[in-house]
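Below you'll find the structure, written out as structure tokens, and then a few comments.
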Amino acid sequence: MLKVFARSIFSFMAVMLLLSVVNIGCSSRHLDQNQKDILEQSEKNATEQNQKTVISAKPEGMSIFTVIEFEDLEYPTLAASIRLPFRVGPNNTVVLAGEHAYLTTERHLHVIDVSLPQRPSYLTSLEFPKAIGKVLASGDHLVLTTTQEFHLVDISQPSAPVLEFTGHLPQLHAIKDLDVLEEHLYVMGENDSLYIFYAPRGHAQLVKTVELSPRWWLFSPKAVPPNVQQVEASKLERLPSGISKALRSQRGFLQLRSGKNQKVRASPHCLVIEQVQNPMRSAQCDLLIYSAYTKGYDEQQKNEARFKYIFGKDFPTGGGTVAVELYYVGAEGLHHLKAKEENDPLKTKEGMTLTRGKPKIAYAVSAGEMHQITQYPPETIVLNDKQLELPVGPVTDFQILDGLLYVVSANGFFSIRSLITVKEYFQGDDAQFLSVTPLQANRPISLAVGKGFAYVLATPED
């Protein structure tokens with residue numbers, strides 16, 4: 001009896017143990033499946049979240065680097081753009097050096113490979129302890145400014161820029177502007193002095209200080225560097241007499257802000273200054289363009305008569321002369337668009353229709369990596385007949401290259417206009433306004449121009 005009972009108890013316990021093992025196995029498999037399902041769902045959610053991050057193009061707290069292709073000068077196109085997660089200020093700039101574009105934001109220098117401009121590639125960023133502004137290229141170095149210092153950055157390896165030298169003005173005077181010419185830095189102080197540094201190999205040494213004349217206007221390099229000539233402005237002369245000699249010398253001008261704090265852009269043959277007075281109407285124009293004709297011209301009397309008509313007095317030509325062109329970006333752009341619209345079969349009754357540009361490809365930089373992003377639909381702008389000027393806004397930057405003037409305006413427009421010689425000017429030829437291109441919604445800050453492409457640093461619209 002006891003043996004039977006023992007065998008029964010043993011059998012019962014064996015069955016219960018077997019059932020427990022089976023249940024544990026099933027529970028384990030069920031738990032594993034649940035964990036797998038949770039993990040797969042988490043990965044799916046993470047992937048979806050990453051996809052949302054990658055495709056989002058909302059421009060909060062960002063700056064925009066845009067590549068514009070203009071091999072067809074009448075029809076520029078937006079080739080590409082890169083959004084950077086760094087704020088840009090009014091003093092930040094972009095400069096082109098070789099196959100790389102270098103741009104500054106509030107406290108960073110950024111390097112972008114533009115060897116294939118249609119496919120720009122973000123390389124790296126270099127952070128500075130204080131806010132930085134203007135950047136210029138000089139050989140294997142960049143020069144960057146702050147309000148109190150200037151930095152020399154070695155870019156012999158563009159993907160690994162190195163801060164090599166930091167300098168400042170005597171008595172720590174604040175810096176107003178800076179330009180580079182060959183191996184010299186020309187630093188304008190807020191104390192109305194020009195400091196000239198020799199900086200051949202990444203280290204700067206002060207070699208000369210120039211006290212500014214009370215009526216100084218522009219600086220032109222002299223034949224023997226690093227000396228400069230101050231072109232003085234006169235209340236009695238619409239055209240300063242020193243500008244003719246400086247233009248005909250073809251030494252150009254330093255691209256330092258004028259005595260009236262105007263931006264200056266120069267080539268050996270032209271000088272362009274922003275926001276000056278129209279000498280004929282005492283009205284504000286966008287840009288004033290000077291150009292020189294250096295050889296003798298057999299219609300000298302006609303030239304002098306035309307100058308007298310424009311400026312109200314005689315100007316000695318001395319074997320050459322200076323032509324003055326007034327440039328109204330908005331008015332010329334509107335005239336250009338109206339002429340194109342008259343031949344446009346899709347002209348609307350509401351008025352001229354402009355469509356904001358949309359880059360062919362757009363990227364965003366996040367955590368040091370560049371990702372392709374989708375874009376919002378482009379905005380359409382309708383201009384009615386009552387609008388007298390194209391709403392391009394004030395000029396924010398402009399550059400000269402190969403006889404052409406390139407301009408960006410505050411409301412996000414890019415314009416191209418030809419520059420004419422003095423001979424063409426006095427023969428009655430007109431400069432041609434070649435194109436005006438709406439960019440994506442942004443405010444351009446700085447412009448750099450290369451062969452067939454322009455590079456714009458902008459801040460997104462609010």
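Simple scheme: letters A, B, ... for chains in structure tokens order, numbers from 1 for residues in each chain, numbers from 1 for ligands in the order shown.
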- Task: Mind checking which residues fall within 6 Å of segment 208-223 of chain A, counting only C-alpha atoms, ignoring those fewer than 5 positions away in the same chain, and posting them as a ChimeraX atom specification?
- Result: /A:192-196,228-233,253-254,258-259
For segment 162-179 of chain A: contacts at 7 Å, only C-alpha atoms, fewer than 6 positions along chain excluded, given as a short mmCIF file (atom, residue, chain, number, x, y, z; two decimals) with N, CA, C and O atoms, in the first residue's frame:
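Dumped everything to result-v5.cif:
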data_model
loop_
_atom_site.label_atom_id
_atom_site.label_comp_id
_atom_site.auth_asym_id
_atom_site.auth_seq_id
_atom_site.Cartn_x
_atom_site.Cartn_y
_atom_site.Cartn_z
N THR A 147 35.98 92.15 -32.59
CA THR A 147 35.99 93.59 -32.33
C THR A 147 37.32 94.06 -31.76
O THR A 147 37.67 95.22 -31.90
N GLN A 148 38.09 93.15 -31.16
CA GLN A 148 39.35 93.55 -30.52
C GLN A 148 40.57 92.82 -31.06
O GLN A 148 41.69 93.24 -30.78
N GLU A 149 40.39 91.74 -31.83
CA GLU A 149 41.52 90.92 -32.26
C GLU A 149 41.36 90.53 -33.72
O GLU A 149 40.28 90.63 -34.30
N PHE A 150 42.47 90.05 -34.29
CA PHE A 150 42.41 89.37 -35.59
C PHE A 150 43.16 88.06 -35.46
O PHE A 150 44.14 87.94 -34.72
N HIS A 151 42.68 87.05 -36.17
CA HIS A 151 43.23 85.70 -36.09
C HIS A 151 43.79 85.29 -37.45
O HIS A 151 43.19 85.61 -38.49
N LEU A 152 44.89 84.55 -37.45
CA LEU A 152 45.43 83.92 -38.65
C LEU A 152 45.24 82.42 -38.51
O LEU A 152 45.71 81.81 -37.54
N VAL A 153 44.55 81.81 -39.47
CA VAL A 153 44.23 80.38 -39.44
C VAL A 153 44.91 79.70 -40.61
O VAL A 153 44.74 80.11 -41.77
N ASP A 154 45.67 78.66 -40.32
CA ASP A 154 46.36 77.87 -41.35
C ASP A 154 45.35 76.93 -42.02
O ASP A 154 44.71 76.12 -41.36
N ILE A 155 45.22 77.06 -43.34
CA ILE A 155 44.30 76.19 -44.10
C ILE A 155 45.06 75.41 -45.16
O ILE A 155 44.50 75.05 -46.21
N LEU A 185 48.54 93.04 -44.03
CA LEU A 185 47.20 93.24 -43.49
C LEU A 185 47.02 94.72 -43.23
O LEU A 185 47.90 95.37 -42.65
N TYR A 186 45.88 95.25 -43.66
CA TYR A 186 45.56 96.66 -43.43
C TYR A 186 44.36 96.69 -42.49
O TYR A 186 43.25 96.34 -42.88
N VAL A 187 44.61 97.08 -41.24
CA VAL A 187 43.59 97.01 -40.20
C VAL A 187 43.19 98.44 -39.82
O VAL A 187 44.02 99.22 -39.37
N MET A 188 41.91 98.75 -39.99
CA MET A 188 41.41 100.07 -39.64
C MET A 188 40.89 100.04 -38.21
O MET A 188 40.06 99.21 -37.86
N GLY A 189 41.41 100.96 -37.39
CA GLY A 189 40.97 101.04 -36.01
C GLY A 189 39.84 102.04 -35.85
O GLY A 189 39.65 102.95 -36.66
N GLU A 190 39.07 101.87 -34.78
CA GLU A 190 38.01 102.82 -34.48
C GLU A 190 38.56 104.18 -34.08
O GLU A 190 37.82 105.16 -33.97
N ASN A 191 39.88 104.27 -33.84
CA ASN A 191 40.51 105.52 -33.44
C ASN A 191 41.01 106.34 -34.63
O ASN A 191 41.88 107.19 -34.48
N GLY A 202 52.03 83.44 -41.49
CA GLY A 202 51.13 83.13 -40.40
C GLY A 202 51.41 83.86 -39.11
O GLY A 202 50.79 83.55 -38.08
N HIS A 203 52.33 84.83 -39.12
CA HIS A 203 52.60 85.65 -37.94
C HIS A 203 52.66 87.09 -38.38
O HIS A 203 53.31 87.42 -39.38
N LEU A 254 41.94 99.62 -51.61
CA LEU A 254 41.72 98.69 -50.51
C LEU A 254 40.22 98.60 -50.27
O LEU A 254 39.50 99.60 -50.31
N GLN A 255 39.74 97.40 -50.01
CA GLN A 255 38.31 97.19 -49.81
C GLN A 255 37.95 97.35 -48.33
O GLN A 255 37.34 96.48 -47.72
N LEU A 256 38.35 98.50 -47.82
CA LEU A 256 37.99 98.91 -46.48
C LEU A 256 36.80 99.87 -46.56
O LEU A 256 36.67 100.63 -47.53
N ARG A 257 35.96 99.88 -45.56
CA ARG A 257 34.83 100.79 -45.55
C ARG A 257 35.32 102.23 -45.68
O ARG A 257 36.36 102.60 -45.14
#
- Item | Distance query segment 438-455 of chain A at most 9 Å, only C-alpha atoms, self and fewer than 3 positions along chain excluded, as an NGL selection string | :A and (64-73 or 78 or 88-96 or 101 or 117 or 354-359 or 378-379 or 392 or 396-401 or 406-415 or 458-462)
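Across the model, the gap from atom CA of Arg107 of chain A to atom CA of Leu126 of chain A is 8.4 Å.
Here atom CA of Pro120 of chain A and atom CA of Leu404 of chain A stand 24.2 Å from one another.
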- Task: Give me every strand (DSSP E or B) residue in segment 152-266 of chain A, going by DSSP on the backbone, as an MDAnalysis selection string.
- Result: chainID A and resid 152:154 162:168 175:181 184:189 193:198 205:211 216:221 228:232 264:266
